[in-house]
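To keep things clear, I will list the structure first and then write my remarks on it.
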Amino acid sequence: MTSTITKCFERLVMARINSSVPDNLDPLQFAYCRNRSTTDAISLALHSALEHLDSKDTYVRLLFIDYSSVFNTIIPSKLVTKLQDLGLNTSLCNWILDFLTNRLQSVRIGSNTSGTIILNTGAPQGCILSLPELVIDFRKGGGIHAPVYINGAQVERVESVKLLGVNITNSLSWSNHVDAMAKKAHQRLYFLRRIKKFGLSPLTLTNFY
């Protein structure tokens, strides 16, 4: 019950933050913006690549930085300072700071529970993991592309990458993405067929899907 109440309150705070954020953010900011979504980010990336490829004798390099666990590195005091700069009121910022600091955490595996530690960084949810590079080159023969190095480490060149749930290939083909979506659909339909044998209502099956 306590967890449910906390989640509901978090949603209320999130709604308040979204309504307080100004409209003059970075034009390349898509997440948590009204009337914008990750779909817009994907469309812009692909449109920019295709627009550049329309020019003669050109190719595109796309470097992808994976921040999938970045929430674990949040420093609450710096976050609150940025929120204040965006115009959020002091009371809301103080609540967020209190929410993210002095949090107790322990790990339980089976019947064993670890000791409790106090966390003052990160957010309660799941650093950069990798730097893949996608080269899109429609020229005859594909051309020669020198490797890219960052701090002495060579960036891995890949043939496909997953961006915000969409599989993008170096040929800009949708085959990989369609195959991945079809596989996911088959997996869900398999479980639906299994549980349908128990006589569950269509509404329950819809909610499960």
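Every chain in the structure tokens takes a letter, A first, then B, and so on in the order presented; its residues are numbered from 1, and the ligands are numbered from 1 following the presented order.
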Please build the interface table for region 47-147 of chain A against region 167-170 of chain A with a cut-off of 7 Å, listing for each qualifying residue the nearest atom pair and the distance in Å to one decimal; count only C-alpha atoms, order rows by chain and increasing number, and write it as a Markdown table.
| residue | atom | partner | partner_atom | distance |
| --- | --- | --- | --- | --- |
| A:Leu134 | CA | A:Asn170 | CA | 6.1 |
| A:Val135 | CA | A:Asn170 | CA | 6.0 |
| A:Ile136 | CA | A:Asn170 | CA | 4.8 |
Go through region 71-190 of chain A and flag each residue having an atom no more than 10 Å from region 28-40 of chain A; for those, report the closest pair of atoms plus their distance in Å to one decimal, using only C-alpha atoms, ordered by chain and rising number, as a tab-separated table.
residue	atom	partner	partner_atom	distance
A:Leu163	CA	A:Thr38	CA	9.4
A:Leu164	CA	A:Thr38	CA	6.6
A:Gly165	CA	A:Thr38	CA	9.1
A:Val166	CA	A:Thr39	CA	9.3
Query - Backbone DSSP call of strand (DSSP E or B) for chain A, listed as an MDAnalysis selection string - result: chainID A and resid 60:63 103:105 108:109 112:113 117:119 133:136 149:150 153:154 157:158 160:163 166:169
Report summary line: CA of Gln154 (chain A) to CA of His177 (chain A) measures 27.1 Å
Requested in this report: Tell me which of A:Asp26, A:Leu104, A:Asp98, A:Pro147 sits closest to Pro76 (chain A), counting only C-alpha atoms.
Outcome: A:Asp98
Query raised in the report: Taking the backbone alone, and naming residues the way the document does, which bits of region 51-174 of chain A are alpha helix (DSSP H) by DSSP, as an NGL selection string?
Result: :A and (51-53 or 76-85 or 90-100)
